>>> print(open('data.pdb').read())   # PDB, C-alpha atoms and all ligand atoms
MODEL        1
ATOM      1  CA  MET A   1     -14.082 200.451  45.088
ATOM      2  CA  MET A   2     -17.205 202.549  44.774
ATOM      3  CA  ASN A   3     -18.049 200.953  41.447
ATOM      4  CA  GLN A   4     -17.696 197.502  42.878
ATOM      5  CA  GLN A   5     -19.829 198.488  45.815
ATOM      6  CA  ALA A   6     -22.452 200.048  43.591
ATOM      7  CA  MET A   7     -22.577 196.832  41.625
ATOM      8  CA  ARG A   8     -23.046 194.752  44.737
ATOM      9  CA  ILE A   9     -25.863 196.993  45.872
ATOM     10  CA  ALA A  10     -27.442 196.749  42.438
ATOM     11  CA  ALA A  11     -27.128 192.983  42.572
ATOM     12  CA  LEU A  12     -28.761 192.881  45.983
ATOM     13  CA  SER A  13     -31.546 195.149  44.789
ATOM     14  CA  ALA A  14     -32.171 192.723  41.963
ATOM     15  CA  ILE A  15     -32.452 189.872  44.432
ATOM     16  CA  CYS A  16     -34.801 192.076  46.373
ATOM     17  CA  LEU A  17     -37.033 192.538  43.364
ATOM     18  CA  LEU A  18     -37.021 188.869  42.523
ATOM     19  CA  ALA A  19     -37.508 187.454  45.974
ATOM     20  CA  GLY A  20     -39.437 190.195  47.721
ATOM     21  CA  CYS A  21     -37.725 192.509  50.172
ATOM     22  CA  SER A  22     -36.973 190.459  53.217
ATOM     23  CA  SER A  23     -35.374 192.277  56.109
ATOM     24  CA  ASN A  24     -32.287 190.142  55.457
ATOM     25  CA  THR A  25     -31.840 191.602  52.049
ATOM     26  CA  MET A  26     -32.389 195.082  53.373
ATOM     27  CA  ALA A  27     -29.820 194.515  56.074
ATOM     28  CA  ALA A  28     -27.366 193.240  53.519
ATOM     29  CA  GLN A  29     -27.912 196.335  51.429
ATOM     30  CA  ASN A  30     -27.259 198.581  54.366
ATOM     31  CA  SER A  31     -24.127 196.790  55.341
ATOM     32  CA  VAL A  32     -22.734 196.834  51.832
ATOM     33  CA  ALA A  33     -23.457 200.515  51.485
ATOM     34  CA  SER A  34     -21.463 201.407  54.569
ATOM     35  CA  ALA A  35     -18.962 198.587  54.575
ATOM     36  CA  PRO A  36     -15.699 200.556  54.896
ATOM     37  CA  ALA A  37     -16.693 202.160  58.194
ATOM     38  CA  GLN A  38     -17.859 198.869  59.627
ATOM     39  CA  VAL A  39     -14.684 196.926  59.126
ATOM     40  CA  HIS A  40     -13.404 198.806  62.141
ATOM     41  CA  THR A  41     -16.492 198.884  64.285
ATOM     42  CA  LEU A  42     -16.749 195.118  64.164
ATOM     43  CA  SER A  43     -13.642 194.085  66.047
ATOM     44  CA  VAL A  44     -14.127 193.866  69.772
ATOM     45  CA  ASN A  45     -11.272 196.153  70.687
ATOM     46  CA  ASP A  46     -12.163 198.839  68.266
ATOM     47  CA  HIS A  47     -15.854 199.461  68.682
ATOM     48  CA  LYS A  48     -16.817 202.920  67.713
ATOM     49  CA  THR A  49     -20.456 202.227  68.314
ATOM     50  CA  VAL A  50     -21.952 202.954  71.664
ATOM     51  CA  PRO A  51     -25.500 202.263  72.746
ATOM     52  CA  GLY A  52     -27.635 205.303  72.278
ATOM     53  CA  ASN A  53     -26.155 205.822  68.863
ATOM     54  CA  THR A  54     -28.931 203.595  67.666
ATOM     55  CA  GLU A  55     -28.536 204.146  63.976
ATOM     56  CA  ALA A  56     -24.884 203.162  64.030
ATOM     57  CA  ALA A  57     -25.621 200.262  66.329
ATOM     58  CA  ALA A  58     -28.347 199.038  64.036
ATOM     59  CA  SER A  59     -26.093 199.228  61.053
ATOM     60  CA  ARG A  60     -23.253 197.458  62.823
ATOM     61  CA  LEU A  61     -25.550 194.679  63.904
ATOM     62  CA  SER A  62     -26.979 194.291  60.449
ATOM     63  CA  ALA A  63     -23.460 193.730  59.219
ATOM     64  CA  SER A  64     -23.009 190.985  61.798
ATOM     65  CA  LYS A  65     -26.080 189.285  60.568
ATOM     66  CA  THR A  66     -24.915 189.039  56.998
ATOM     67  CA  GLY A  67     -22.184 186.877  58.409
ATOM     68  CA  THR A  68     -19.484 188.261  56.149
ATOM     69  CA  THR A  69     -17.251 189.093  59.065
ATOM     70  CA  THR A  70     -18.039 188.542  62.653
ATOM     71  CA  MET A  71     -21.028 186.637  63.959
ATOM     72  CA  LYS A  72     -19.145 183.572  65.115
ATOM     73  CA  THR A  73     -20.691 180.512  66.721
ATOM     74  CA  VAL A  74     -18.986 179.594  69.976
ATOM     75  CA  THR A  75     -17.296 176.199  69.952
ATOM     76  CA  HIS A  76     -17.583 175.370  73.670
ATOM     77  CA  PRO A  77     -20.963 176.713  74.775
ATOM     78  CA  GLU A  78     -20.780 174.700  78.009
ATOM     79  CA  ALA A  79     -17.506 176.334  79.146
ATOM     80  CA  ILE A  80     -17.963 178.304  82.363
ATOM     81  CA  ASP A  81     -16.056 181.256  80.867
ATOM     82  CA  VAL A  82     -17.864 181.150  77.496
ATOM     83  CA  LEU A  83     -18.034 184.526  75.776
ATOM     84  CA  VAL A  84     -21.483 185.197  74.357
ATOM     85  CA  ASN A  85     -22.157 188.622  72.923
ATOM     86  CA  LYS A  86     -23.254 190.385  69.764
ATOM     87  CA  GLN A  87     -20.341 188.865  67.853
ATOM     88  CA  ASN A  88     -20.335 185.393  69.415
ATOM     89  CA  LYS A  89     -23.529 183.398  69.426
ATOM     90  CA  LEU A  90     -24.454 180.074  70.907
ATOM     91  CA  PRO A  91     -25.020 177.121  68.578
ATOM     92  CA  GLU A  92     -28.605 176.839  67.368
ATOM     93  CA  ASN A  93     -30.802 175.233  70.036
ATOM     94  CA  TYR A  94     -28.053 174.896  72.617
ATOM     95  CA  THR A  95     -29.552 173.842  75.928
ATOM     96  CA  PRO A  96     -27.334 173.628  79.005
ATOM     97  CA  ARG A  97     -27.390 170.081  80.371
ATOM     98  CA  ASP A  98     -27.232 170.821  84.087
ATOM     99  CA  LEU A  99     -29.964 173.396  84.665
ATOM    100  CA  VAL A 100     -31.529 173.412  88.135
ATOM    101  CA  TYR A 101     -34.002 175.661  89.906
ATOM    102  CA  ALA A 102     -31.946 178.242  91.823
ATOM    103  CA  ASP A 103     -32.912 177.915  95.473
ATOM    104  CA  VAL A 104     -33.108 181.638  96.231
ATOM    105  CA  ARG A 105     -35.749 184.355  96.572
ATOM    106  CA  PHE A 106     -37.213 185.629  93.316
ATOM    107  CA  THR A 107     -39.436 188.598  92.601
ATOM    108  CA  PHE A 108     -42.189 186.172  91.527
ATOM    109  CA  LYS A 109     -43.681 182.984  92.933
ATOM    110  CA  GLU A 110     -44.073 180.723  89.878
ATOM    111  CA  LYS A 111     -41.738 177.802  89.368
ATOM    112  CA  ILE A 112     -40.810 178.646  85.802
ATOM    113  CA  GLU A 113     -37.864 178.531  83.425
ATOM    114  CA  LYS A 114     -36.380 181.861  84.440
ATOM    115  CA  ARG A 115     -35.620 180.535  87.925
ATOM    116  CA  LYS A 116     -33.159 178.075  86.433
ATOM    117  CA  MET A 117     -29.387 178.299  86.288
ATOM    118  CA  ARG A 118     -26.624 175.841  85.654
ATOM    119  CA  LYS A 119     -25.876 173.799  88.757
ATOM    120  CA  GLU A 120     -22.556 175.411  89.677
ATOM    121  CA  ALA A 121     -23.904 178.943  89.173
ATOM    122  CA  ALA A 122     -27.062 178.188  91.156
ATOM    123  CA  ALA A 123     -25.001 176.926  94.116
ATOM    124  CA  ALA A 124     -22.803 180.038  94.056
ATOM    125  CA  LEU A 125     -25.883 182.222  93.806
ATOM    126  CA  LYS A 126     -27.377 180.637  96.903
ATOM    127  CA  GLN A 127     -24.209 181.368  98.888
ATOM    128  CA  MET A 128     -24.115 184.938  97.643
ATOM    129  CA  PHE A 129     -27.758 185.607  98.533
ATOM    130  CA  ALA A 130     -27.161 184.171 102.012
ATOM    131  CA  ALA A 131     -24.197 186.520 102.504
ATOM    132  CA  ALA A 132     -26.270 189.471 101.326
ATOM    133  CA  ASP A 133     -29.007 188.507 103.806
ATOM    134  CA  GLN A 134     -26.414 188.512 106.576
ATOM    135  CA  ASP A 135     -25.310 191.988 105.520
ATOM    136  CA  ARG A 136     -28.981 193.016 105.603
ATOM    137  CA  VAL A 137     -29.087 193.713 101.891
ATOM    138  CA  PRO A 138     -31.628 191.064 100.866
ATOM    139  CA  LEU A 139     -31.634 190.311  97.154
ATOM    140  CA  ALA A 140     -34.085 188.701  94.753
ATOM    141  CA  GLY A 141     -33.676 187.072  91.380
ATOM    142  CA  VAL A 142     -35.562 188.729  88.542
ATOM    143  CA  SER A 143     -34.676 186.542  85.594
ATOM    144  CA  ALA A 144     -32.037 183.860  85.076
ATOM    145  CA  TYR A 145     -32.150 181.209  82.339
ATOM    146  CA  ARG A 146     -33.966 181.905  79.118
ATOM    147  CA  SER A 147     -34.295 179.193  76.462
ATOM    148  CA  HIS A 148     -33.403 179.835  72.871
ATOM    149  CA  ALA A 149     -37.055 179.355  71.943
ATOM    150  CA  ARG A 150     -38.126 181.962  74.477
ATOM    151  CA  GLN A 151     -35.461 184.476  73.386
ATOM    152  CA  LYS A 152     -36.556 183.904  69.814
ATOM    153  CA  ALA A 153     -40.193 184.546  70.655
ATOM    154  CA  ILE A 154     -39.309 187.724  72.552
ATOM    155  CA  PHE A 155     -37.085 189.012  69.771
ATOM    156  CA  GLU A 156     -39.589 188.210  67.050
ATOM    157  CA  GLY A 157     -42.268 190.062  68.984
ATOM    158  CA  TYR A 158     -40.080 193.180  68.996
ATOM    159  CA  VAL A 159     -39.285 192.752  65.317
ATOM    160  CA  ARG A 160     -43.009 192.684  64.524
ATOM    161  CA  ARG A 161     -43.508 195.847  66.533
ATOM    162  CA  ASP A 162     -40.446 197.910  65.600
ATOM    163  CA  GLY A 163     -38.718 196.219  62.683
ATOM    164  CA  GLU A 164     -35.563 194.184  62.908
ATOM    165  CA  ALA A 165     -32.933 196.929  62.807
ATOM    166  CA  LYS A 166     -34.540 198.739  65.728
ATOM    167  CA  ALA A 167     -35.245 195.565  67.692
ATOM    168  CA  ARG A 168     -31.563 194.673  67.520
ATOM    169  CA  THR A 169     -30.592 197.886  69.278
ATOM    170  CA  TYR A 170     -32.367 196.917  72.505
ATOM    171  CA  SER A 171     -33.046 193.174  72.385
ATOM    172  CA  ALA A 172     -30.513 190.388  72.014
ATOM    173  CA  TYR A 173     -30.618 188.469  68.780
ATOM    174  CA  PRO A 174     -31.535 184.820  69.543
ATOM    175  CA  GLY A 175     -28.362 182.934  70.459
ATOM    176  CA  THR A 176     -26.554 186.053  71.650
ATOM    177  CA  SER A 177     -28.276 186.544  75.017
ATOM    178  CA  GLU A 178     -26.158 185.514  77.994
ATOM    179  CA  HIS A 179     -29.350 184.374  79.682
ATOM    180  CA  GLU A 180     -29.349 181.440  77.248
ATOM    181  CA  THR A 181     -26.117 180.130  78.805
ATOM    182  CA  GLY A 182     -27.760 179.480  82.181
ATOM    183  CA  LEU A 183     -24.876 181.413  83.728
ATOM    184  CA  ALA A 184     -26.484 184.856  83.914
ATOM    185  CA  ILE A 185     -29.086 186.350  86.206
ATOM    186  CA  ASP A 186     -30.689 189.738  86.693
ATOM    187  CA  VAL A 187     -30.840 190.601  90.380
ATOM    188  CA  SER A 188     -32.756 193.251  92.327
ATOM    189  CA  GLY A 189     -33.404 194.082  95.933
ATOM    190  CA  SER A 190     -35.926 191.805  97.665
ATOM    191  CA  ASN A 191     -38.676 194.377  97.158
ATOM    192  CA  GLY A 192     -38.196 194.139  93.400
ATOM    193  CA  ARG A 193     -38.003 197.892  93.028
ATOM    194  CA  CYS A 194     -36.057 199.050  89.934
ATOM    195  CA  ALA A 195     -35.762 195.447  88.775
ATOM    196  CA  ALA A 196     -33.562 195.365  85.678
ATOM    197  CA  THR A 197     -33.960 199.079  85.068
ATOM    198  CA  GLY A 198     -31.640 202.069  85.212
ATOM    199  CA  CYS A 199     -32.780 203.241  88.656
ATOM    200  CA  PHE A 200     -31.153 200.150  90.185
ATOM    201  CA  ALA A 201     -27.784 201.909  89.736
ATOM    202  CA  GLY A 202     -26.553 203.444  92.990
ATOM    203  CA  THR A 203     -28.920 201.438  95.221
ATOM    204  CA  LYS A 204     -27.445 199.684  98.233
ATOM    205  CA  GLU A 205     -28.043 196.361  96.501
ATOM    206  CA  ALA A 206     -26.127 197.484  93.397
ATOM    207  CA  LYS A 207     -23.244 198.641  95.575
ATOM    208  CA  TRP A 208     -23.246 195.397  97.542
ATOM    209  CA  LEU A 209     -23.171 193.348  94.340
ATOM    210  CA  ALA A 210     -20.370 195.379  92.759
ATOM    211  CA  LYS A 211     -18.263 194.868  95.876
ATOM    212  CA  ASN A 212     -19.108 191.286  96.803
ATOM    213  CA  ALA A 213     -20.262 189.360  93.730
ATOM    214  CA  PRO A 214     -16.731 188.456  92.506
ATOM    215  CA  ALA A 215     -16.034 186.574  95.744
ATOM    216  CA  TYR A 216     -18.862 184.223  94.719
ATOM    217  CA  GLY A 217     -17.748 183.905  91.117
ATOM    218  CA  PHE A 218     -20.017 186.545  89.572
ATOM    219  CA  ILE A 219     -19.107 189.668  87.621
ATOM    220  CA  ILE A 220     -21.104 192.762  86.730
ATOM    221  CA  ARG A 221     -21.080 191.817  83.083
ATOM    222  CA  TYR A 222     -21.874 195.217  81.548
ATOM    223  CA  PRO A 223     -19.944 197.777  83.579
ATOM    224  CA  LYS A 224     -20.124 201.521  83.352
ATOM    225  CA  GLY A 225     -17.659 203.050  80.899
ATOM    226  CA  LYS A 226     -17.188 199.800  78.949
ATOM    227  CA  GLU A 227     -20.240 200.161  76.740
ATOM    228  CA  SER A 228     -18.173 200.324  73.561
ATOM    229  CA  ILE A 229     -16.552 196.979  74.405
ATOM    230  CA  THR A 230     -19.538 195.009  75.673
ATOM    231  CA  GLY A 231     -22.060 196.560  73.298
ATOM    232  CA  TYR A 232     -24.442 197.101  76.218
ATOM    233  CA  THR A 233     -25.253 200.060  78.387
ATOM    234  CA  TYR A 234     -24.383 199.816  82.091
ATOM    235  CA  GLU A 235     -26.434 197.075  83.724
ATOM    236  CA  PRO A 236     -25.590 196.894  87.427
ATOM    237  CA  TRP A 237     -28.208 194.135  87.841
ATOM    238  CA  HIS A 238     -26.951 191.679  85.218
ATOM    239  CA  LEU A 239     -24.583 189.170  86.827
ATOM    240  CA  ARG A 240     -22.650 186.550  84.993
ATOM    241  CA  TYR A 241     -21.105 183.524  86.654
ATOM    242  CA  VAL A 242     -17.532 182.808  85.535
ATOM    243  CA  GLY A 243     -16.154 181.131  88.670
ATOM    244  CA  LYS A 244     -14.216 182.670  91.546
ATOM    245  CA  SER A 245     -10.788 182.750  89.973
ATOM    246  CA  ILE A 246     -11.803 184.511  86.749
ATOM    247  CA  ALA A 247     -14.280 186.793  88.538
ATOM    248  CA  GLY A 248     -11.496 187.821  90.917
ATOM    249  CA  GLU A 249      -9.129 188.666  88.109
ATOM    250  CA  ILE A 250     -11.745 190.500  86.058
ATOM    251  CA  SER A 251     -12.782 192.600  89.019
ATOM    252  CA  ARG A 252      -9.217 193.304  90.222
ATOM    253  CA  LYS A 253      -8.095 194.432  86.785
ATOM    254  CA  GLN A 254     -11.434 196.114  85.993
ATOM    255  CA  LEU A 255     -11.845 194.158  82.791
ATOM    256  CA  THR A 256     -14.818 193.005  80.821
ATOM    257  CA  LEU A 257     -15.245 189.368  79.811
ATOM    258  CA  GLU A 258     -14.387 190.502  76.268
ATOM    259  CA  GLU A 259     -11.050 191.943  77.417
ATOM    260  CA  TYR A 260     -10.299 188.958  79.618
ATOM    261  CA  THR A 261     -10.991 186.548  76.752
ATOM    262  CA  ALA A 262      -8.802 188.565  74.370
ATOM    263  CA  GLN A 263      -5.958 188.467  76.915
ATOM    264  CA  GLN A 264      -6.299 184.725  77.281
ATOM    265  CA  SER A 265      -6.147 184.108  73.554
ATOM    266  CA  THR A 266      -3.100 186.391  73.203
ATOM    267  CA  ALA A 267      -1.385 184.597  76.047
ATOM    268  CA  SER A 268      -2.025 181.159  74.609
ATOM    269  CA  SER A 269      -1.136 181.819  70.979
ATOM    270  CA  PRO A 270       2.535 181.566  69.987
ATOM    271  CA  SER A 271       4.306 184.902  69.538
ATOM    272  CA  SER A 272       5.376 185.728  66.038
TER     273      SER A 272
HETATM  274 ZN    ZN B   1     -29.716 190.303  82.052
ENDMDL
END
>>> encode(input="data.pdb", output="C-alpha cells")
Amino acid sequence: MMNQQAMRIAALSAICLLAGCSSNTMAAQNSVASAPAQVHTLSVNDHKTVPGNTEAAASRLSASKTGTTTMKTVTHPEAIDVLVNKQNKLPENYTPRDLVYADVRFTFKEKIEKRKMRKEAAAALKQMFAAADQDRVPLAGVSAYRSHARQKAIFEGYVRRDGEAKARTYSAYPGTSEHETGLAIDVSGSNGRCAATGCFAGTKEAKWLAKNAPAYGFIIRYPKGKESITGYTYEPWHLRYVGKSIAGEISRKQLTLEEYTAQQSTASSPSS
C-alpha cells in the first residue's frame, strides 16, 4: 500500500517537474499522500472535517478536485430541490432560465445581478418579506443570484491572494455555490447591520427567519450543529428555497438538505 502510494507520489512529482507545478498537481499530491483518511471524510454522512479545521478542510477539498471520488455534477440543476454543495457541482456554465429581479428591499440600490432569483423563489421571497414587515421585523436582501462567471472571478481573486487550498476553505469553488442556482439569498435586517456576518446570529431578524421561513418555502441552509454535514459554518442569513412541502419537512425533522436528499434516495431505491 505504502509502496504503491509512494510510487504514485513519485509519478506525480515527475509530472510536476515536466509540466511545472500547477496547483492541480500539488493538490493531487496532497490527496494521494493522505488518501486513506480521506476515503471516509468524503462521504456526506461521515464527514470528519469541520470548518475551522482549515488544514483538514483544505486537504479534503483538494481530494474532491482531483475527481477520483466525489465531485459529482448534478444531473437536474433546474430542480427546485437540487443539492449543490462541495461534493455536488452545477454543470459548467449553467444559467437558470427563469431569473427575475426579486421585488423586495435590498441593502443596495443598484439593479444588478445579485437582486435576481428564479421566478418561483422570488415570488415566495416577496410574500415572506411582506409577512416580516407586518411582524415589524423588516428584512433586506443582501445577495441572491450569482452567475458562474462572477463566482469564478471571485474565487480566482482569492486564489491569487491566498492560494487555492486556502481559498477553498472560505470561498465556494465555482459551480458549488448555491447562489448560482438562483434559489438562494442572503438576508439581513433592513438596516443592513451584520449583513452576512456572524453577528447576525441571535438578532430578531435571524430568529424571525428561523421560525417563519419554512412556511414560505425557505430553509436555513447551514444550520448550527450541522457543520460537518453541510461543510459550512452556521449561516443564519443564508436562505435556500426548496418549496413549502420540503421546507416544512426539513424544518420539522431538523434536517439539512444533504440529509433530506439522502433519505429520498434511500426511500426510492429498491431494498436489497
Ligand atoms: Zn449565501
>>> atom_distance(input="data.pdb", atom1="CA of Ala123 (chain A)", atom2="CA of Lys224 (chain A)")
27.3 Å
>>> closest_residue(input="data.pdb", among="A:Tyr216, A:Tyr145, A:Ala262, A:Glu156", to="ligand ZN 1 (chain B)", atoms="all atoms listed in the file")
A:Tyr145
>>> resolve_selection(input="data.pdb", expression="the PyMOL selection byres (((chain A and resi 115) around 6) and not hetatm)", output="list in words")
Tyr101, Ala102, Ile112, Glu113, Lys114, Lys116 and Ala144 of chain A
>>> residues_near_ligand(input="data.pdb", ligand="ligand ZN 1 (chain B)", cutoff="10 Å", atoms="all atoms listed in the file", output="list in words")
Val142, Ser143, Ala144, Tyr145, Arg146, Ser177, Glu178, His179, Ala184, Ile185, Asp186, Val187, Ala196, Arg221, Tyr222, Glu235, Pro236, Trp237, His238, Leu239 and Arg240 of chain A
>>> write_last_selection(input="data.pdb", atoms="C-alpha atoms", output="PDB file, in the coordinates of the input")
ATOM      1  CA  VAL A 142     -35.562 188.729  88.542  1.00  0.00           C
ATOM      2  CA  SER A 143     -34.676 186.542  85.594  1.00  0.00           C
ATOM      3  CA  ALA A 144     -32.037 183.860  85.076  1.00  0.00           C
ATOM      4  CA  TYR A 145     -32.150 181.209  82.339  1.00  0.00           C
ATOM      5  CA  ARG A 146     -33.966 181.905  79.118  1.00  0.00           C
ATOM      6  CA  SER A 177     -28.276 186.544  75.017  1.00  0.00           C
ATOM      7  CA  GLU A 178     -26.158 185.514  77.994  1.00  0.00           C
ATOM      8  CA  HIS A 179     -29.350 184.374  79.682  1.00  0.00           C
ATOM      9  CA  ALA A 184     -26.484 184.856  83.914  1.00  0.00           C
ATOM     10  CA  ILE A 185     -29.086 186.350  86.206  1.00  0.00           C
ATOM     11  CA  ASP A 186     -30.689 189.738  86.693  1.00  0.00           C
ATOM     12  CA  VAL A 187     -30.840 190.601  90.380  1.00  0.00           C
ATOM     13  CA  ALA A 196     -33.562 195.365  85.678  1.00  0.00           C
ATOM     14  CA  ARG A 221     -21.080 191.817  83.083  1.00  0.00           C
ATOM     15  CA  TYR A 222     -21.874 195.217  81.548  1.00  0.00           C
ATOM     16  CA  GLU A 235     -26.434 197.075  83.724  1.00  0.00           C
ATOM     17  CA  PRO A 236     -25.590 196.894  87.427  1.00  0.00           C
ATOM     18  CA  TRP A 237     -28.208 194.135  87.841  1.00  0.00           C
ATOM     19  CA  HIS A 238     -26.951 191.679  85.218  1.00  0.00           C
ATOM     20  CA  LEU A 239     -24.583 189.170  86.827  1.00  0.00           C
ATOM     21  CA  ARG A 240     -22.650 186.550  84.993  1.00  0.00           C
TER      22      ARG A 240
END
>>> resolve_selection(input="data.pdb", expression="the PyMOL selection byres (((chain A and resi 189) around 9) and not hetatm)", output="mmCIF file with C-alpha atoms, keeping the file's coordinate frame")
data_model
loop_
_atom_site.group_PDB
_atom_site.id
_atom_site.type_symbol
_atom_site.label_atom_id
_atom_site.label_comp_id
_atom_site.auth_asym_id
_atom_site.auth_seq_id
_atom_site.Cartn_x
_atom_site.Cartn_y
_atom_site.Cartn_z
ATOM 1 C CA THR A 107 -39.436 188.598 92.601
ATOM 2 C CA VAL A 137 -29.087 193.713 101.891
ATOM 3 C CA PRO A 138 -31.628 191.064 100.866
ATOM 4 C CA LEU A 139 -31.634 190.311 97.154
ATOM 5 C CA ALA A 140 -34.085 188.701 94.753
ATOM 6 C CA GLY A 141 -33.676 187.072 91.380
ATOM 7 C CA VAL A 187 -30.840 190.601 90.380
ATOM 8 C CA SER A 188 -32.756 193.251 92.327
ATOM 9 C CA SER A 190 -35.926 191.805 97.665
ATOM 10 C CA ASN A 191 -38.676 194.377 97.158
ATOM 11 C CA GLY A 192 -38.196 194.139 93.400
ATOM 12 C CA ARG A 193 -38.003 197.892 93.028
ATOM 13 C CA CYS A 194 -36.057 199.050 89.934
ATOM 14 C CA ALA A 195 -35.762 195.447 88.775
ATOM 15 C CA PHE A 200 -31.153 200.150 90.185
ATOM 16 C CA THR A 203 -28.920 201.438 95.221
ATOM 17 C CA LYS A 204 -27.445 199.684 98.233
ATOM 18 C CA GLU A 205 -28.043 196.361 96.501
ATOM 19 C CA ALA A 206 -26.127 197.484 93.397
#
>>> resolve_selection(input="data.pdb", expression="the PyMOL selection byres (((chain A and resi 243) around 12) and not hetatm)", output="PyMOL selection string")
chain A and resi 79-82+120-125+183-184+213-219+239-242+244-251
>>> closest_residue(input="data.pdb", among="A:Met117, A:Gln263, A:Gly231, A:Leu257", to="Arg168 (chain A)", atoms="only C-alpha atoms")
A:Gly231
>>> atom_distance(input="data.pdb", atom1="CA of Arg118 (chain A)", atom2="CA of His148 (chain A)")
15.0 Å
>>> closest_residue(input="data.pdb", among="A:Arg252, A:Lys152, A:Arg161, A:His76", to="Pro174 (chain A)", atoms="all atoms listed in the file")
A:Lys152
>>> atom_distance(input="data.pdb", atom1="CA of Phe106 (chain A)", atom2="CA of Ala172 (chain A)")
22.8 Å
>>> closest_residue(input="data.pdb", among="A:Lys126, A:Lys86, A:Gly202, A:Val100", to="Tyr170 (chain A)", atoms="all atoms listed in the file")
A:Lys86
